[in-house]
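Source file: upload_9.txt; contents: compact mmCIF, C-alpha atoms.
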```
# COMPACT_ATOMS: atom_id res chain seq x y z
CA MET A 13 103.84 48.88 115.25
CA ASN A 14 105.57 45.63 114.35
CA ARG A 15 104.59 43.01 116.94
CA SER A 16 107.05 40.43 115.64
CA SER A 17 109.87 42.35 117.31
CA TYR A 18 110.51 44.52 120.36
CA PRO A 19 109.71 47.23 121.20
CA TYR A 20 106.07 47.60 120.25
CA VAL A 21 103.11 49.70 121.32
CA LYS A 22 99.42 48.94 121.67
CA THR A 23 96.95 51.81 121.92
CA PRO A 24 93.31 51.59 123.00
CA PRO A 25 90.65 52.19 120.33
CA ILE A 26 89.79 55.56 121.88
CA PHE A 27 93.17 56.88 120.70
CA ARG A 28 92.96 55.64 117.13
CA CYS A 29 90.27 58.13 116.16
CA LEU A 30 92.30 61.00 117.64
CA ILE A 31 95.47 59.94 115.82
CA LYS A 32 93.56 59.68 112.54
CA LYS A 33 92.10 63.17 113.02
CA GLN A 34 95.56 64.58 113.72
CA GLN A 35 96.96 63.02 110.57
CA GLN A 36 94.07 64.28 108.46
CA ALA A 37 94.31 67.77 109.94
CA THR A 38 97.96 68.09 108.93
CA GLU A 39 97.05 67.59 105.26
CA GLU A 40 95.90 70.87 103.76
CA LEU A 41 93.02 70.58 101.32
CA THR A 42 93.53 72.01 97.84
CA TYR A 43 91.10 72.69 95.04
CA LYS A 44 91.34 70.21 92.20
CA PRO A 45 89.31 71.19 89.13
CA ARG A 46 87.10 68.46 87.82
CA ARG A 47 87.21 67.38 84.21
CA ARG A 48 84.33 68.79 82.28
CA ARG A 49 81.86 66.26 81.05
CA ARG A 50 81.72 65.48 77.38
CA ARG A 51 78.80 66.76 75.42
CA LYS A 52 76.07 64.20 75.08
CA VAL A 53 75.97 62.92 71.51
CA ASN A 54 72.55 63.05 69.87
CA ASN A 55 71.22 60.31 67.66
CA SER A 56 71.14 62.79 64.78
CA ASP A 57 74.93 62.99 64.95
CA PHE A 58 75.23 59.32 64.22
CA TYR A 59 72.66 59.56 61.43
CA TRP A 60 74.21 62.44 59.51
CA TRP A 61 77.83 61.47 60.01
CA GLY A 62 77.44 57.73 60.27
CA PHE A 63 75.75 57.45 56.89
CA PRO A 64 78.63 58.83 54.79
CA ILE A 65 81.18 56.91 56.89
CA GLY A 66 79.28 53.67 56.37
CA THR A 67 78.87 54.35 52.66
CA GLY A 68 82.53 55.19 52.30
CA GLY A 69 83.51 52.05 54.16
CA TYR A 70 81.34 49.92 51.92
CA VAL A 71 82.85 51.43 48.79
CA ILE A 72 86.36 50.88 50.13
CA ILE A 73 85.70 47.23 50.89
CA ARG A 74 83.95 46.75 47.55
CA PHE A 75 86.84 48.08 45.56
CA LEU A 76 89.46 46.32 47.65
CA LEU A 77 87.87 43.10 46.50
CA THR A 78 88.02 44.17 42.88
CA ILE A 79 90.67 42.30 41.02
CA ASP A 80 91.00 44.48 37.93
CA TRP A 81 92.12 47.99 38.80
CA ASP A 82 91.77 50.70 36.19
CA PHE A 83 92.09 54.46 36.39
CA GLY A 84 88.39 55.02 37.02
CA SER A 85 88.29 52.48 39.83
CA PHE A 86 91.29 54.08 41.46
CA ILE A 87 89.70 57.55 41.33
CA ILE A 88 86.47 56.25 42.86
CA PHE A 89 88.43 54.40 45.55
CA MET A 90 90.45 57.48 46.52
CA GLY A 91 87.28 59.58 46.57
CA ALA A 92 85.65 57.13 48.97
CA VAL A 93 88.70 57.25 51.24
CA ALA A 94 88.63 61.05 51.21
CA ILE A 95 84.91 61.10 52.06
CA ALA A 96 85.48 58.69 54.96
CA LEU A 97 88.37 60.71 56.37
CA ILE A 98 86.54 64.03 56.10
CA SER A 99 83.40 62.57 57.67
CA GLY A 100 85.40 61.09 60.54
CA TYR A 101 87.17 64.38 61.15
CA LEU A 102 83.90 66.32 61.21
CA LEU A 103 82.34 63.81 63.59
CA ILE A 104 85.27 63.96 66.01
CA ARG A 105 85.33 67.76 65.89
CA SER A 106 81.61 67.89 66.60
CA TYR A 107 81.96 65.38 69.44
CA TYR A 108 84.67 67.34 71.28
CA ARG A 109 83.70 70.88 70.33
CA ASP A 110 82.42 71.61 73.83
CA PHE A 111 86.00 71.43 75.15
CA LYS A 112 86.92 74.49 73.08
CA SER A 113 83.86 76.47 74.03
CA GLU A 114 83.43 78.59 77.14
CA PRO A 115 82.20 76.66 80.20
CA PRO A 116 78.51 77.08 80.98
CA PRO A 117 77.57 79.50 83.80
CA GLU A 118 76.53 76.69 86.15
CA TYR A 119 80.03 75.17 85.86
CA ILE A 120 81.63 78.43 87.02
CA VAL A 121 79.16 78.74 89.91
CA ASN A 122 79.80 75.16 91.07
CA LYS A 123 83.55 75.77 90.89
CA GLU A 124 83.28 78.81 93.17
CA ILE A 125 81.07 76.92 95.62
CA ARG A 126 83.59 74.08 95.84
CA LYS A 127 86.45 76.51 96.44
CA LYS A 128 84.54 78.22 99.25
CA ALA A 129 83.74 74.85 100.85
CA ILE A 130 87.40 73.83 100.77
CA ASP A 131 88.47 77.17 102.27
CA ALA A 132 85.95 76.69 105.09
CA LYS A 133 87.29 73.19 105.80
CA ASN A 134 90.86 74.51 105.89
CA LYS A 135 89.84 77.14 108.45
CA ILE A 136 88.32 74.43 110.65
CA ARG A 137 91.46 72.31 110.18
CA LYS A 138 93.75 75.16 111.24
CA ARG A 139 91.57 75.93 114.25
CA TYR A 140 91.73 72.25 115.25
CA LEU A 141 95.53 72.20 114.94
CA SER A 142 95.86 75.41 116.96
CA ARG A 143 94.53 73.60 120.03
CA PRO A 144 97.32 71.81 121.95
CA LEU A 145 97.17 68.04 121.57
CA LYS A 146 97.39 67.55 125.32
CA ASP A 147 94.13 69.48 125.77
CA LYS A 148 92.42 67.19 123.26
CA VAL A 149 93.78 64.12 125.06
CA LYS A 150 92.61 65.50 128.41
CA LYS A 151 89.09 65.92 127.07
CA LEU A 152 89.23 62.51 125.38
CA LEU A 153 90.36 60.57 128.46
CA LYS A 154 88.44 62.45 131.15
CA GLY A 155 86.82 59.86 133.41
CA LYS A 156 87.60 57.00 131.02
CA VAL A 157 90.90 55.62 132.35
CA ARG A 158 90.53 52.98 135.04
CA THR A 159 92.84 53.38 138.01
CA LEU A 160 94.58 50.58 139.88
CA GLU A 161 92.90 49.11 142.92
CA PRO A 162 94.71 50.19 146.10
CA LEU A 163 96.05 46.74 146.96
CA THR A 164 99.63 45.71 147.63
CA PRO A 165 101.08 44.05 144.51
CA SER A 166 102.10 40.44 145.03
CA ALA A 167 104.35 40.32 141.97
CA THR A 168 108.10 40.54 142.59
CA VAL A 169 110.13 43.31 141.00
CA GLY A 170 112.19 42.06 138.05
CA VAL A 171 115.96 42.14 138.16
CA SER A 172 116.26 44.89 135.53
CA GLU A 173 113.27 46.99 136.57
CA LYS A 174 114.93 49.02 139.35
CA GLN A 175 117.82 50.01 137.12
CA PHE A 176 115.49 50.94 134.26
CA LEU A 177 113.16 52.90 136.57
CA ALA A 178 116.12 55.01 137.73
CA VAL A 179 116.91 55.88 134.10
CA LEU A 180 113.28 56.72 133.33
CA GLN A 181 112.89 58.93 136.39
CA LYS A 182 115.96 60.86 135.31
CA TYR A 183 114.06 62.06 132.22
CA PHE A 184 110.37 61.74 133.15
CA GLY A 185 110.50 62.51 136.87
CA GLN A 186 107.90 61.07 139.21
CA ARG A 187 105.44 60.55 136.38
CA VAL A 188 107.13 57.15 136.10
CA ASN A 189 107.09 54.81 139.05
CA PHE A 190 106.35 51.32 140.26
CA PRO A 191 102.61 50.59 140.50
CA ASN A 192 100.82 51.42 143.74
CA GLY A 193 98.04 48.92 143.15
CA VAL A 194 96.76 46.05 141.02
CA PHE A 195 93.91 45.07 138.74
CA SER A 196 91.94 42.14 140.12
CA ILE A 197 90.68 39.64 137.55
CA ILE A 198 86.99 39.10 138.26
CA GLY A 199 86.07 35.50 138.98
CA THR A 200 89.63 34.45 139.80
CA THR A 201 92.19 34.90 142.55
CA PHE A 202 94.71 36.28 140.06
CA GLU A 203 95.64 39.89 139.44
CA TYR A 204 97.47 41.99 136.86
CA THR A 205 100.31 44.22 138.01
CA PRO A 206 102.12 46.56 135.59
CA ASP A 207 105.92 46.42 135.65
CA ILE A 208 106.31 50.22 135.53
CA VAL A 209 103.63 52.89 135.15
CA TYR A 210 103.79 56.24 133.38
CA GLN A 211 100.94 58.56 134.34
CA ASP A 212 100.44 62.20 133.41
CA SER A 213 98.09 63.92 135.82
CA TYR A 214 97.06 66.66 133.36
CA THR A 215 96.07 64.58 130.34
CA GLY A 216 95.27 61.34 132.14
CA LEU A 217 97.54 59.42 129.74
CA THR A 218 98.55 56.18 131.47
CA ILE A 219 101.07 53.70 130.08
CA ASP A 220 101.85 50.18 131.21
CA ILE A 221 105.58 49.70 130.55
CA GLU A 222 106.36 45.99 130.36
CA ILE A 223 109.79 44.34 130.41
CA ASP A 224 109.70 40.87 128.86
CA GLU A 225 112.21 38.19 129.83
CA PRO A 226 112.70 35.15 127.57
CA TYR A 227 112.46 32.69 130.48
CA ALA A 228 112.15 32.55 134.26
CA GLY A 229 115.39 32.93 136.19
CA LYS A 230 115.08 29.93 138.49
CA SER A 231 112.87 27.41 136.73
CA LYS A 232 114.01 28.35 133.18
CA GLU A 233 110.40 28.03 132.03
CA PRO A 234 109.55 29.88 128.78
CA HIS A 235 108.14 33.34 129.37
CA HIS A 236 106.42 35.97 127.17
CA CYS A 237 106.29 33.66 124.14
CA ASN A 238 104.53 34.80 120.98
CA ASP A 239 102.83 31.40 120.56
CA ASN A 240 101.00 31.88 123.86
CA ASP A 241 97.93 34.10 124.31
CA LYS A 242 98.80 35.03 127.88
CA ASP A 243 100.40 38.38 127.02
CA ARG A 244 97.77 39.20 124.39
CA ASN A 245 94.98 38.63 126.89
CA ARG A 246 96.80 40.77 129.43
CA ASP A 247 97.31 43.59 126.92
CA ASP A 248 93.65 43.48 125.92
CA PHE A 249 92.70 43.76 129.59
CA PHE A 250 94.67 47.02 129.91
CA LEU A 251 93.49 48.37 126.54
CA LYS A 252 89.86 47.96 127.56
CA ARG A 253 90.64 50.20 130.54
CA ASN A 254 92.17 52.79 128.17
CA TRP A 255 95.76 52.13 129.14
CA VAL A 256 98.52 52.23 126.54
CA VAL A 257 100.87 49.23 126.57
CA VAL A 258 104.56 49.52 125.65
CA ARG A 259 106.66 46.37 125.69
CA PHE A 260 110.44 46.15 125.71
CA ALA A 261 112.61 43.06 125.75
CA GLU A 262 114.65 42.77 128.93
CA GLU A 263 117.82 42.64 126.84
CA GLN A 264 116.99 46.07 125.37
CA VAL A 265 116.33 47.58 128.79
CA VAL A 266 119.62 46.21 130.15
CA LYS A 267 121.82 47.10 127.16
CA TYR A 268 120.15 50.29 125.88
CA PRO A 269 118.20 51.94 128.73
CA VAL A 270 118.56 55.49 127.37
CA ALA A 271 117.46 54.39 123.89
CA CYS A 272 114.40 52.76 125.47
CA ALA A 273 113.65 56.01 127.31
CA TYR A 274 113.95 57.92 124.03
CA TYR A 275 111.56 55.48 122.35
CA LEU A 276 109.08 55.97 125.19
CA SER A 277 109.38 59.76 124.89
CA LYS A 278 108.47 59.54 121.19
CA VAL A 279 105.39 57.46 122.02
CA ILE A 280 104.30 59.99 124.65
CA TYR A 281 104.84 62.90 122.27
CA GLN A 282 102.85 61.22 119.51
CA LEU A 283 99.93 60.47 121.82
CA SER A 284 99.81 63.62 123.96
CA GLY A 285 102.09 66.25 122.45
CA ILE A 286 104.16 66.37 125.67
CA ARG A 287 107.85 66.61 124.87
CA TYR A 288 110.65 65.29 127.09
CA GLU A 289 114.32 66.02 126.62
CA VAL A 290 115.86 62.59 126.17
CA PRO A 291 119.12 61.97 124.25
CA ALA A 292 118.30 60.58 120.81
CA GLU A 293 119.69 57.05 120.63
CA LYS A 294 118.73 54.35 118.19
CA LEU A 295 117.16 51.29 119.79
CA PRO A 296 118.03 48.00 118.02
CA SER A 297 114.99 45.78 117.58
CA ILE A 298 114.91 42.26 119.01
CA PRO A 299 112.67 39.55 117.52
CA THR A 300 109.99 38.07 119.72
CA TRP A 301 110.42 34.40 120.59
CA ASP A 302 108.31 31.27 120.74
CA SER A 303 108.46 28.47 123.31
CA GLU A 304 111.10 26.51 121.41
CA GLU A 305 113.36 29.54 121.02
CA SER A 306 112.89 30.40 124.69
CA THR A 307 113.97 26.90 125.71
CA SER A 308 117.00 27.17 123.46
CA MET A 309 117.99 30.54 125.01
CA ALA A 310 117.64 29.05 128.49
CA ARG A 311 119.90 26.15 127.52
CA LEU A 312 122.52 28.60 126.22
CA LEU A 313 122.15 30.83 129.32
CA HIS A 314 121.44 33.79 127.06
CA ARG A 315 119.76 35.85 129.76
CA GLU A 316 122.51 35.25 132.30
CA THR A 317 125.09 36.37 129.74
CA TYR A 318 123.77 39.90 129.18
CA LEU A 319 122.92 40.32 132.86
CA LYS A 320 126.50 39.45 133.84
CA GLU A 321 127.89 41.84 131.23
CA HIS A 322 126.02 44.73 132.88
CA GLY A 323 126.61 43.80 136.50
CA LEU A 324 123.11 42.57 137.28
CA TRP A 325 123.87 38.89 137.79
CA GLN A 326 124.65 39.40 141.48
CA ILE A 327 120.99 40.23 142.01
CA ARG A 328 118.76 37.19 142.39
CA ILE A 329 116.95 37.03 139.07
CA SER A 330 113.22 36.32 138.97
```

In C-alpha cells, what does this structure look like?
Amino acid sequence: MNRSSYPYVKTPPIFRCLIKKQQQATEELTYKPRRRRRRKVNNSDFYWWGFPIGTGGYVIIRFLLTIDWDFGSFIIFMGAVAIALISGYLLIRSYYRDFKSEPPPEYIVNKEIRKKAIDAKNKIRKRYLSRPLKDKVKKLLKGKVRTLEPLTPSATVGVSEKQFLAVLQKYFGQRVNFPNGVFSIIGTTFEYTPDIVYQDSYTGLTIDIEIDEPYAGKSKEPHHCNDNDKDRNRDDFFLKRNWVVVRFAEEQVVKYPVACAYYLSKVIYQLSGIRYEVPAEKLPSIPTWDSEESTSMARLLHRETYLKEHGLWQIRIS
C-alpha cells in the first residue's frame, strides 16, 4: 500500500507468507517444453570441415589481392568460393542435424516425469484453494494475537470517531467497537489505545483502525506527521502483536464514511475471506502531511472547515 497517502494498511509479517501462498496458488502450473540441447560438436568436425573452409578462404584472399585477372584466375576464384560455401553448408547441417532427428528415449521419459510432477503440484494447489481462507487464518493466528490489557483507556474519543463507529457497526455489527483496554508500554507510564477495533472471534483477525487528524483541536500542534517516527513506532508495536493497522485521514472519515467502510471490507476480505455487504464507493486518497504542512493547515483552519460542513463543529474537538 502507498504510505504517502491515506488510506493505507500495514500487515504483520505472519500474514505476508499467507498472502504470497494464496497468490501462488491461484496461478495454475502448465508444462513448458524445454529446448533440446544442441549436439556436442566433436573436434573431428572442425578438422574435416574446417580444413576446406580455411583453404578456400586463403585462396579467396590470395586471388582478391591479385591485380591481373584472367579467365583462369576467375575460374579458380569461383571454384574456391563454391568449395567454401558447400563446406559451410555441410558443417551447419551436421551441427544442427540433431534437431531433425527423433528425440532420444531419455528425453521422452524426462518429459513425462515433468508432466506428472506438474500435475501433482496442481492437485495440491487445488486442494489448498478448496479450503476456506478463514480456516487458514484461524490456524495461522491461533494463540498469536495479543489481546488488550483490561484497563480503562485514558485517551479521549476523537470528534469524528463516534460518527464513524456508527457507520461501521451498520455494516460490520459488533465486531467493530471502541477498545475495552489498552497496551501498556513497558518501562514507561504511557500506553497505546486503538481508536477503533475490528475483531473477528472465529479467525482471530484483529485490526487497529486509526483516524489521523492533521493537528490538535485546541493547541493546533502538528499531529500524525510523516516526518515524525511516532506513528511508525506505534504501528510497529501493534504489528509485533499480530494486529493489522489501517489508517484513514480524519477528512476521509468525515466526508466519505461509507467509502471508508467499503475500503475496510476489502481489506478484511483479502486477509480472511470474510465478505461484508458494503455499498461500493470510491474513496479519494489524501496525501500525508509533514510538520510544516500541518502548521499551514492549522493556520488556514482546514480541519474546522470540513468539520463545520458536516455538522461536527459543535462537538468539542480534541

ask   = Which residues come within 10 Å of A:Ser303, counting only C-alpha atoms, excluding same-chain residues fewer than 3 positions away, as a ChimeraX atom specification?
value = /A:226-227,233-240,306-309

message = Env of A:Thr159: 9 Å cut, atoms = all atoms listed in the file, seq-sep filter 2 positions within chain, self excluded. Answer as a PyMOL selection string.
response = chain A and resi 157+161-162+193-195+253

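Note that atom CA of A:Pro191 and atom CA of A:Gln264 are 21.4 Å apart.
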
ask   = Counting only C-alpha atoms, which residues come within 9 Å of (101.2, 46.4, 139.8), with the point read in the file's coordinates, and could you list them as number ranges by chain?
value = A: 160, 163-167, 190-195, 203-209

ask   = From the list A:Glu316, A:Asp147, A:Asp302, A:Glu225, which residue is nearest A:Leu283 when using only C-alpha atoms?
value = A:Asp147

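In this structure, atom CA of A:Arg246 sits 20.9 Å away from atom CA of A:Ile298.
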
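Atom CA of A:Leu319 to atom CA of A:Val279 spans 26.8 Å [interatomic distance, one decimal].
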
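Across A:Lys22, A:Lys232, A:Arg158, A:Arg187, the tightest approach to A:Ala310 is made by A:Lys232 when counting all atoms listed in the file.
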
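With only C-alpha atoms as the basis for measurement, A:Phe249 is the residue among A:Phe249, A:Ile95, A:Pro299, A:Val256 that approaches A:Ser196 most closely.
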
inquiry  = Between A:Asp220, A:Lys151, A:His314, A:Pro19, which residue has the minimum interatomic distance to A:Asp248, considering all atoms listed in the file?
reply    = A:Asp220

Residue neighbourhood A:Asp247, 7 Å, all atoms listed in the file, exclusion window fewer than 4 positions, as a PyMOL selection string = chain A and resi 243+251+257

request  = Do a neighbour search on stretch 168-173 of chain A at 12 Å with all atoms listed in the file, toss out local chain neighbours closer than 4 positions, and write the hits as a PyMOL selection string.
outcome  = chain A and resi 164+177-181+188-191+205-209+221-225+228-229+260-269+315-316+318-320+322-330

ask   = Quick one: of A:Pro144, A:Pro291, A:Leu153, A:Ala96, who's nearest to A:Ser277, counting all atoms listed in the file?
value = A:Pro291
